[in-house]
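**Q** For reference, the file run_2.txt (compact mmCIF, C-alpha atoms) is included below:
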# COMPACT_ATOMS: atom_id res chain seq x y z
CA MET A 104 -66.19 2.11 20.87
CA GLY A 105 -62.83 2.24 19.23
CA GLN A 106 -64.16 4.47 16.47
CA CYS A 107 -65.50 7.01 19.02
CA GLU A 108 -62.13 7.25 20.73
CA SER A 109 -60.43 7.69 17.39
CA SER A 110 -62.80 10.53 16.46
CA GLU A 111 -62.24 12.22 19.79
CA ASN A 112 -58.49 11.94 19.38
CA GLN A 113 -58.69 13.50 15.93
CA ILE A 114 -60.83 16.36 17.21
CA ARG A 115 -58.44 16.92 20.13
CA TYR A 116 -55.49 16.84 17.78
CA GLN A 117 -57.10 19.36 15.45
CA GLN A 118 -57.88 21.63 18.40
CA GLN A 119 -54.28 21.40 19.57
CA GLN A 120 -53.08 22.25 16.05
CA GLU A 121 -55.42 25.22 15.86
CA GLU A 122 -54.30 26.44 19.29
CA GLN A 123 -50.69 26.07 18.28
CA ILE A 124 -51.30 28.02 15.05
CA MET A 125 -53.13 30.73 16.98
CA LEU A 126 -50.25 30.92 19.44
CA GLN A 127 -47.73 31.15 16.61
CA ASN A 128 -49.82 33.86 14.94
CA LYS A 129 -49.97 35.78 18.20
CA GLN A 130 -46.23 35.45 18.65
CA PHE A 131 -45.71 36.52 15.04
CA ASN A 132 -47.99 39.54 15.47
CA ASP A 133 -46.28 40.46 18.72
CA GLU A 134 -42.88 40.28 16.98
CA ILE A 135 -44.14 42.49 14.12
CA ALA A 136 -45.47 45.02 16.63
CA ARG A 137 -42.17 44.97 18.50
CA LEU A 138 -40.18 45.50 15.31
CA GLN A 139 -42.49 48.30 14.16
CA SER A 140 -42.06 49.99 17.51
CA LYS A 141 -38.30 49.61 17.24
CA ILE A 142 -38.29 51.04 13.70
CA ALA A 143 -40.37 53.99 14.83
CA SER A 144 -37.93 54.53 17.67
CA PHE A 145 -34.96 54.41 15.26
CA GLU A 146 -36.66 56.88 12.93
CA GLY A 147 -37.21 59.24 15.83
CA MET A 148 -33.59 58.85 16.88
CA SER A 149 -32.42 59.40 13.29
CA LYS A 150 -34.36 62.66 13.05
CA GLU A 151 -32.97 63.75 16.39
CA ILE A 152 -29.42 62.91 15.29
CA LYS A 153 -29.84 64.88 12.05
CA PHE A 154 -31.20 67.83 14.02
CA LEU A 155 -28.29 67.67 16.45
CA GLN A 156 -25.79 67.39 13.59
CA LYS A 157 -27.18 70.57 12.02
CA GLN A 158 -27.01 72.30 15.39
CA VAL A 159 -23.38 71.23 15.82
CA VAL A 160 -22.48 72.53 12.34
CA LYS A 161 -24.18 75.83 13.10
CA MET A 162 -22.47 76.12 16.49
CA GLU A 163 -19.06 75.31 14.99
CA ALA A 164 -19.57 77.90 12.25
CA GLU A 165 -20.62 80.53 14.82
CA LYS A 166 -17.65 79.63 17.00
CA ALA A 167 -15.28 79.94 14.03
CA GLU A 168 -16.86 83.25 13.07
CA LEU A 169 -16.34 84.66 16.57
CA THR A 170 -12.76 83.42 16.52
CA GLY A 171 -12.19 85.20 13.22
CA LYS A 172 -13.69 88.42 14.53
CA LEU A 173 -11.55 88.27 17.67
CA ALA A 174 -8.47 87.81 15.48
CA ILE A 175 -9.42 90.88 13.50
CA VAL A 176 -9.79 92.97 16.67
CA ALA A 177 -6.51 91.64 18.06
CA THR A 178 -4.56 92.59 14.97
CA ASN A 179 -6.44 95.88 14.51
CA HIS A 180 -7.17 94.99 10.88
CA LYS A 181 -3.48 94.59 10.10
CA ASP A 182 -2.64 93.94 6.45
CA HIS A 183 -6.16 94.70 5.24
CA GLY A 184 -6.92 92.87 2.02
CA HIS A 185 -4.25 90.17 2.42
CA SER A 186 -6.10 87.50 4.37
CA HIS A 187 -5.31 83.91 5.21
CA ASP A 188 -7.35 82.32 2.43
CA HIS A 189 -9.75 85.30 2.80
CA ALA A 190 -10.98 83.94 6.15
CA HIS A 191 -10.94 87.21 8.08
CA LYS A 192 -12.91 89.18 5.50
CA HIS A 193 -16.25 90.03 7.05
CA SER A 194 -19.15 90.03 4.63
CA HIS A 195 -22.76 91.14 4.93
CA GLU A 196 -24.29 87.86 6.06
CA GLU A 197 -26.46 89.89 8.43
CA GLU A 198 -28.39 90.99 5.37
CA CYS A 199 -29.25 87.42 4.30
CA GLU A 200 -32.92 86.65 4.61
CA CYS A 201 -32.30 82.99 5.40
CA PRO A 202 -30.81 81.58 8.64
CA PHE A 203 -27.02 81.29 8.76
CA GLY A 204 -25.90 77.98 7.29
CA GLN A 205 -28.27 77.89 4.32
CA HIS A 206 -26.06 79.83 1.86
CA GLN A 207 -22.85 77.81 2.23
CA SER A 208 -20.19 77.02 -0.38
CA PRO A 209 -19.02 75.07 -2.29
CA ILE A 210 -21.90 73.29 -4.02
CA ASN A 211 -22.37 70.70 -6.73
CA ILE A 212 -23.25 72.67 -9.86
CA VAL A 213 -25.59 71.25 -12.48
CA SER A 214 -23.82 72.43 -15.62
CA ASP A 215 -26.84 72.62 -17.95
CA ALA A 216 -29.94 74.67 -17.17
CA ASP A 217 -32.54 72.30 -15.74
CA GLY A 218 -34.97 74.92 -14.42
CA VAL A 219 -34.61 73.55 -10.90
CA GLN A 220 -31.08 74.04 -9.60
CA THR A 221 -29.59 75.84 -12.62
CA VAL A 222 -31.33 78.47 -14.74
CA GLN A 223 -30.21 80.43 -17.79
CA MET A 224 -29.91 84.17 -17.27
CA GLY A 225 -32.05 86.02 -19.79
CA ALA A 226 -31.09 88.97 -21.99
CA GLY A 227 -33.03 91.33 -19.75
CA GLN A 228 -31.07 90.21 -16.70
CA HIS A 229 -27.77 90.65 -18.54
CA LYS A 230 -28.73 94.26 -19.25
CA SER A 231 -30.21 95.09 -15.85
CA SER A 232 -27.44 93.33 -13.91
CA PRO A 233 -24.30 93.53 -16.06
CA LEU A 234 -21.01 91.88 -15.19
CA GLU A 235 -17.90 93.87 -16.06
CA PHE A 236 -14.25 93.06 -15.55
CA SER A 237 -11.51 95.68 -15.59
CA TYR A 238 -8.10 94.02 -15.42
CA PRO A 239 -4.97 95.74 -16.74
CA HIS A 240 -2.78 93.85 -19.20
CA ARG A 241 -0.14 93.26 -16.53
CA VAL A 242 -0.17 93.41 -12.73
CA ALA A 243 3.07 94.33 -10.96
CA GLY A 244 4.21 94.16 -7.35
CA CYS A 245 2.61 90.82 -6.43
CA THR A 246 3.89 88.50 -3.70
CA ILE A 247 3.56 84.77 -3.11
CA LEU A 248 3.36 82.88 0.19
CA ASN A 249 2.72 79.42 1.59
CA ASN A 250 0.57 79.56 4.74
CA GLY A 251 0.66 75.80 5.28
CA TYR A 252 -2.90 75.42 4.02
CA THR A 253 -2.59 76.82 0.50
CA VAL A 254 -0.36 78.88 -1.76
CA GLN A 255 -1.60 82.44 -2.04
CA ILE A 256 -0.61 85.26 -4.39
CA ASN A 257 -1.30 88.70 -2.92
CA ILE A 258 -1.97 91.50 -5.37
CA GLY A 259 0.23 94.55 -4.98
CA GLU A 260 -1.14 98.03 -4.37
CA GLN A 261 -2.66 99.36 -7.60
CA ASP A 262 -4.05 102.79 -6.85
CA THR A 263 -3.98 103.86 -10.49
CA ASN A 264 -5.11 100.69 -12.31
CA PRO A 265 -6.58 98.00 -10.02
CA CYS A 266 -8.11 94.67 -11.08
CA THR A 267 -11.85 95.05 -10.51
CA VAL A 268 -15.12 93.25 -11.20
CA THR A 269 -18.50 94.95 -11.04
CA VAL A 270 -21.39 92.64 -10.05
CA GLU A 271 -24.95 93.94 -9.74
CA GLY A 272 -23.66 97.50 -9.62
CA VAL A 273 -21.10 96.84 -6.86
CA LYS A 274 -17.39 97.14 -7.67
CA TYR A 275 -15.00 94.65 -6.06
CA THR A 276 -11.19 94.82 -6.18
CA LEU A 277 -8.91 91.77 -6.56
CA ARG A 278 -6.89 91.23 -3.36
CA GLN A 279 -5.45 87.73 -3.72
CA PHE A 280 -5.87 84.34 -5.34
CA HIS A 281 -5.16 80.86 -3.98
CA PHE A 282 -5.60 77.15 -4.74
CA HIS A 283 -7.44 74.01 -3.58
CA THR A 284 -6.67 70.39 -4.46
CA PRO A 285 -8.95 68.77 -5.40
CA SER A 286 -11.58 71.23 -6.64
CA GLU A 287 -14.12 72.49 -4.10
CA HIS A 288 -17.02 72.94 -6.51
CA THR A 289 -18.08 69.87 -8.44
CA LEU A 290 -19.71 69.87 -11.86
CA ASP A 291 -22.48 67.31 -12.32
CA ASP A 292 -21.21 65.41 -9.25
CA ARG A 293 -17.67 65.22 -10.68
CA GLN A 294 -14.73 66.58 -8.74
CA TYR A 295 -11.64 67.77 -10.62
CA GLU A 296 -7.97 68.05 -9.69
CA MET A 297 -7.66 71.73 -8.76
CA GLU A 298 -9.59 74.95 -8.24
CA MET A 299 -8.28 78.51 -8.15
CA HIS A 300 -10.11 81.34 -6.36
CA LEU A 301 -9.67 85.02 -7.24
CA VAL A 302 -10.88 86.90 -4.15
CA HIS A 303 -12.27 90.41 -4.65
CA THR A 304 -13.54 92.71 -1.87
CA THR A 305 -15.09 96.11 -1.40
CA ASP A 306 -13.72 98.63 1.09
CA ASP A 307 -16.40 97.64 3.62
CA GLY A 308 -15.57 93.93 3.39
CA ASN A 309 -18.11 92.46 0.95
CA ILE A 310 -16.68 89.62 -1.11
CA ALA A 311 -16.92 88.32 -4.68
CA VAL A 312 -14.95 85.23 -5.73
CA LEU A 313 -14.14 84.18 -9.29
CA GLY A 314 -13.41 80.45 -9.50
CA TYR A 315 -11.58 78.47 -12.17
CA ILE A 316 -11.53 74.66 -12.20
CA PHE A 317 -8.46 72.84 -13.57
CA SER A 318 -8.02 69.26 -14.82
CA VAL A 319 -5.14 67.25 -16.23
CA ASN A 320 -7.63 65.88 -18.76
CA ALA A 321 -8.78 69.28 -20.02
CA LYS A 322 -7.60 70.38 -23.45
CA TYR A 323 -4.50 72.57 -23.41
CA GLN A 324 -5.41 76.02 -24.73
CA ARG A 325 -2.62 78.11 -26.14
CA THR A 326 -2.76 81.81 -25.27
CA THR A 327 -4.24 83.68 -28.23
CA PHE A 328 -3.47 87.25 -27.06
CA GLU A 329 -6.85 88.44 -28.38
CA LEU A 330 -7.28 90.80 -25.44
CA SER A 331 -3.75 92.12 -25.89
CA GLU A 332 -4.50 92.96 -29.51
CA LEU A 333 -7.70 94.76 -28.49
CA ARG A 334 -5.66 96.73 -25.99
CA GLY A 335 -3.45 97.83 -28.89
CA ILE A 336 -0.42 96.00 -27.53
CA ALA A 337 1.62 94.59 -30.38
CA GLY A 338 4.32 91.95 -30.49
CA VAL A 339 3.26 89.98 -27.40
CA GLY A 340 2.39 86.71 -29.11
CA ASP A 341 4.32 83.95 -30.83
CA GLU A 342 3.57 84.25 -34.54
CA GLU A 343 4.68 80.67 -35.22
CA ASP A 344 1.86 78.50 -36.60
CA TRP A 345 1.68 75.41 -34.40
CA ASP A 346 0.02 72.18 -35.45
CA GLU A 347 -2.06 70.07 -33.03
CA THR A 348 0.88 67.80 -32.15
CA THR A 349 3.07 70.76 -31.22
CA VAL A 350 0.28 72.34 -29.17
CA LEU A 351 -0.30 69.09 -27.27
CA ALA A 352 3.41 68.59 -26.64
CA ASN A 353 3.79 72.15 -25.36
CA GLY A 354 0.97 71.59 -22.88
CA ILE A 355 2.51 68.37 -21.58
CA ILE A 356 5.95 69.95 -21.21
CA GLU A 357 5.24 73.58 -20.32
CA GLY A 358 1.86 73.29 -18.61
CA ASN A 359 -0.82 75.96 -18.21
CA ASP A 360 0.20 79.32 -19.68
CA PHE A 361 -1.24 81.38 -16.83
CA LEU A 362 0.24 79.26 -14.04
CA LYS A 363 3.73 79.06 -15.52
CA GLN A 364 4.11 82.83 -15.07
CA PHE A 365 4.91 82.24 -11.38
CA TRP A 366 5.09 78.43 -10.95
CA SER A 367 8.88 78.42 -10.65
CA GLN A 368 8.46 80.41 -7.41
CA LEU A 369 6.02 78.05 -5.71
CA PRO A 370 7.12 77.91 -2.05
CA ALA A 371 7.57 74.24 -1.16
CA LYS A 372 7.17 74.96 2.57
CA LYS A 373 5.30 77.40 4.80
CA CYS A 374 6.81 80.85 4.43
CA ALA A 375 6.13 84.58 4.53
CA GLU A 376 5.50 86.71 1.44
CA ILE A 377 8.10 86.57 -1.34
CA PRO A 378 8.07 89.18 -4.15
CA LEU A 379 7.24 87.71 -7.55
CA LYS A 380 9.98 88.18 -10.13
CA ASN A 381 7.56 88.76 -13.01
CA ASP A 382 4.38 90.72 -13.56
CA ILE A 383 1.17 88.69 -13.95
CA SER A 384 -1.22 88.82 -16.90
CA PHE A 385 -4.74 87.47 -16.41
CA ASP A 386 -5.63 87.73 -20.11
CA HIS A 387 -5.05 84.01 -20.68
CA LEU A 388 -7.67 83.06 -18.07
CA PHE A 389 -10.35 85.10 -19.81
CA GLU A 390 -9.31 83.95 -23.29
CA ALA A 391 -9.21 80.25 -22.33
CA SER A 392 -12.66 80.50 -20.69
CA SER A 393 -14.32 82.32 -23.57
CA ARG A 394 -15.98 81.24 -26.78
CA SER A 395 -14.99 84.58 -28.28
CA VAL A 396 -13.44 87.92 -27.39
CA LYS A 397 -14.26 90.82 -29.68
CA LYS A 398 -14.28 94.58 -29.83
CA SER A 399 -17.34 96.27 -28.37
CA LYS A 400 -19.27 99.09 -30.00
CA ARG A 401 -18.51 101.06 -26.85
CA ARG A 402 -15.06 102.61 -26.78
CA GLY A 403 -12.63 101.09 -24.31
CA LYS A 404 -14.50 97.79 -23.92
CA ALA A 405 -14.36 94.25 -25.27
CA VAL A 406 -17.24 91.77 -25.32
CA VAL A 407 -16.38 88.44 -23.70
CA ASN A 408 -18.68 85.48 -24.38
CA MET A 409 -17.88 83.31 -21.38
CA ASP A 410 -20.23 80.99 -19.47
CA ILE A 411 -20.13 81.67 -15.74
CA PHE A 412 -22.13 80.02 -12.95
CA GLN A 413 -23.28 82.73 -10.56
CA TYR A 414 -24.83 82.14 -7.13
CA ASP A 415 -24.89 83.44 -3.57
CA GLY A 416 -22.68 81.50 -1.17
CA SER A 417 -20.06 81.75 1.55
CA LEU A 418 -16.38 81.54 2.34
CA THR A 419 -15.16 77.95 2.19
CA THR A 420 -12.90 78.37 5.24
CA PRO A 421 -13.69 79.61 8.77
CA PRO A 422 -15.62 81.73 9.58
CA TYR A 423 -17.69 80.52 6.57
CA SER A 424 -19.25 83.99 6.30
CA GLU A 425 -22.20 84.16 3.92
CA GLY A 426 -23.16 86.91 1.48
CA VAL A 427 -20.32 86.02 -0.93
CA LYS A 428 -20.97 86.54 -4.66
CA TRP A 429 -19.69 83.43 -6.43
CA MET A 430 -18.78 83.27 -10.12
CA VAL A 431 -17.42 79.92 -11.34
CA SER A 432 -16.19 79.54 -14.91
CA LYS A 433 -17.91 76.72 -16.78
CA SER A 434 -14.83 76.02 -18.91
CA LEU A 435 -12.25 73.61 -17.56
CA HIS A 436 -8.64 74.77 -17.62
CA PHE A 437 -5.63 72.59 -18.33
CA ILE A 438 -2.97 71.81 -15.74
CA ASN A 439 -0.29 69.22 -16.44
CA GLN A 440 0.70 66.47 -14.02
CA LYS A 441 3.98 68.13 -13.06
CA GLN A 442 2.30 71.43 -12.14
CA LEU A 443 -0.35 69.60 -10.11
CA ARG A 444 2.23 67.56 -8.16
CA GLN A 445 4.29 70.67 -7.43
CA LEU A 446 1.27 72.55 -6.10
CA SER A 447 -0.21 69.80 -3.95
CA ALA A 448 3.19 69.04 -2.42
CA CYS A 449 3.25 72.60 -1.00
CA TRP A 450 0.78 71.48 1.70
CA GLY A 451 1.87 67.88 2.03
CA ASN A 452 -0.48 66.49 -0.65
CA LYS A 453 -3.41 66.86 1.75
CA ASN A 454 -6.98 67.53 0.70
CA ASN A 455 -7.62 71.23 1.38
CA ALA A 456 -11.06 71.34 -0.26
CA ARG A 457 -14.28 71.75 1.71
CA ASP A 458 -17.10 69.27 0.99
CA CYS A 459 -20.08 70.40 -1.08
CA GLN A 460 -22.94 71.97 0.89
CA GLU A 461 -26.72 71.75 0.52
CA TYR A 462 -28.65 74.11 -1.78
CA PHE A 463 -31.53 75.10 0.52
CA ASP A 464 -33.65 76.19 -2.50
CA ARG A 465 -30.89 78.34 -4.01
CA LYS A 466 -30.53 78.57 -7.77
CA VAL A 467 -27.42 78.88 -9.91
CA GLN A 468 -27.64 81.27 -12.86
CA ILE A 469 -25.68 80.71 -16.07
CA ARG A 470 -24.36 84.04 -17.32
CA SER A 471 -23.08 83.97 -20.90
CA HIS A 472 -22.11 87.56 -21.70
CA MET A 473 -19.95 90.13 -19.95
CA THR A 474 -17.69 93.04 -20.84
CA MET A 475 -14.01 93.67 -20.24
CA ARG A 476 -12.66 97.19 -19.91
CA VAL A 477 -9.35 97.81 -21.64
CA ASP A 478 -7.12 100.86 -21.38
CA GLN A 479 -8.85 103.58 -23.35
CA ASP A 480 -5.65 105.30 -24.41
CA GLN A 481 -4.44 101.98 -25.87
CA PHE A 482 -7.74 100.73 -27.28
CA HIS A 483 -7.30 99.63 -30.84
CA GLU A 484 -9.56 101.57 -33.21
Once more with this new file: its structure as structure tokens, please.
**A**
Amino acid sequence: MGQCESSENQIRYQQQQEEQIMLQNKQFNDEIARLQSKIASFEGMSKEIKFLQKQVVKMEAEKAELTGKLAIVATNHKDHGHSHDHAHKHSHEEECECPFGQHQSPINIVSDADGVQTVQMGAGQHKSSPLEFSYPHRVAGCTILNNGYTVQINIGEQDTNPCTVTVEGVKYTLRQFHFHTPSEHTLDDRQYEMEMHLVHTTDDGNIAVLGYIFSVNAKYQRTTFELSELRGIAGVGDEEDWDETTVLANGIIEGNDFLKQFWSQLPAKKCAEIPLKNDISFDHLFEASSRSVKKSKRRGKAVVNMDIFQYDGSLTTPPYSEGVKWMVSKSLHFINQKQLRQLSACWGNKNNARDCQEYFDRKVQIRSHMTMRVDQDQFHE
């Protein structure tokens, strides 16, 4: 009798254990289902948030663009060519085949051709779509201003000998150049201390920007005056033979050769245009960016072997207009610590660089060869 009761108790106990396990399994499965449902809900919300964020960016860009256009109408195109960080220049974004917002600048540039984001421009493309600069040896009549956001140098009227760049058969004229700290474009996900933008436009408002990136860790490059010699201009260089120690010391003390032409006139506070005391020569920028500068077989031209990243982008300030031809020099330029501190202090040491934007299937082309026009009546035979 006792054994029967014991067996029944064991069976009942086992049944209770099995029921408890089944209940726990059901609770466990219910919890998994609840969590899966919650995850699915979060994923849906995340997609919706991303969609809304893109819509907000697009709306803000359109709002800024309308604001810029209204400002243009209100001022009746006053001071054409001398914009506030080139914001009011209207480009041909209407001609873009992609929706607005998919050709924005700056971007992170992959510095070596990977066949995906960056591709090497072939010899055929260099010939069919040449890049030609025509900058005089010196540019007079420039002014400098501090608009509270950046320091900008406006190029004086040059009816007889303007600074121009011809891209894909279209000629653009240099209007102004300005600065961003830190750099807006990044190279291989690395951001540098400063970037300078040379803004060129056509008469109908299309824009091409030439960008130079500066770093305190870049090697100081002494001006070689190669372009000056090809122009037939004698006696412009220092004939003293410097050793490496002297070159390094000069960079630390004097800073970048191009910048020091006007750095003493940097406006520390917001101000209107101030005439520059000295003319500006852009030869150093081209020399310091180039592997070589040599005489061309064609009279009046020099061949410049300089790596440039070329892509289609936008303004980096409102109204963020697209259709801008971007050319960013691959070579880093030297700036010393003193020059960098002086510049950044002009806008309160704030970050005035826009964040990098998405590619949206765009490609960056590396262009390695271009020509530079020099004054034909001074071209050295």
**Q** With distances taken over only C-alpha atoms, which residue among A:Arg457, A:Lys230, A:Lys322, A:His387 lies nearest Glu298 of chain A?
**A**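 Of all the options, A:Arg457 lies closest to Glu298 of chain A.
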**Q** Name the closest residue to Glu425 of chain A among the candidates A:Ser144, A:Gln123, A:Thr276, A:Gln205; distances are taken between atoms, counting all atoms listed in the file.
**A** A:Gln205
**Q** With only C-alpha atoms as the basis for distance, which of A:Lys274, A:Arg137, A:Lys398, A:Arg334 is at the shortest distance from Leu234 of chain A?
**A**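 Result for the nearest residue to Leu234 of chain A: A:Lys274.
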**Q** Show me, as a list in words, the residues that have an atom within 7 Å of Pro233 of chain A when counting all atoms listed in the file, minus same-chain residues fewer than 3 positions from it.
**A**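 That gives His229, Lys230, Val270, Glu271 and Met473 of chain A.
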**Q** One decimal, Å: what's the distance from atom CA of Asp307 of chain A over to atom CA of Gln279 of chain A, could you say?
**A**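 So the two atoms, atom CA of Asp307 of chain A and atom CA of Gln279 of chain A, lie 16.5 Å apart.
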**Q** List every protein, DNA or RNA residue that has at least one atom no more than 6 Å from (-13.8, 92.5, -4.6) in the file's coordinates, counting all atoms listed in the file, and write the result as a count of residues only.
**A** 8
**Q** If I take atom CA of Ser447 of chain A and atom CA of Gly251 of chain A, how far is one from the other in Å, to one decimal?
**A**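 Going from atom CA of Ser447 of chain A over to atom CA of Gly251 of chain A, I get 11.0 Å.
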**Q** One number please: atom CA of Phe365 of chain A to atom CA of Gln442 of chain A, in Å, one decimal.
**A**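 Taking atom CA of Phe365 of chain A as the start and atom CA of Gln442 of chain A as the end point, the length is 11.1 Å.
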**Q** With all atoms listed in the file as the counted atoms, please give the residues lying no more than 7 Å from Thr284 of chain A, apart from itself and same-chain residues fewer than 3 positions off, as a PyMOL selection string.
**A** chain A and resi 296-298+447+454-456
**Q** Counting only C-alpha atoms, which residues come within 12 Å of (-24.0, 78.6, -4.5), with the point read in the file's coordinates, and could you list them as number ranges by chain?
**A** A: 204-213, 220-221, 287-289, 312, 314, 412-419, 425-431, 459-469
**Q** Between A:Asn381, A:Ala226, A:Thr326, A:Phe203, which one has atoms that come closest to Gln368 of chain A, using only C-alpha atoms?
**A**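 Under the stated criterion, the closest residue is A:Asn381.
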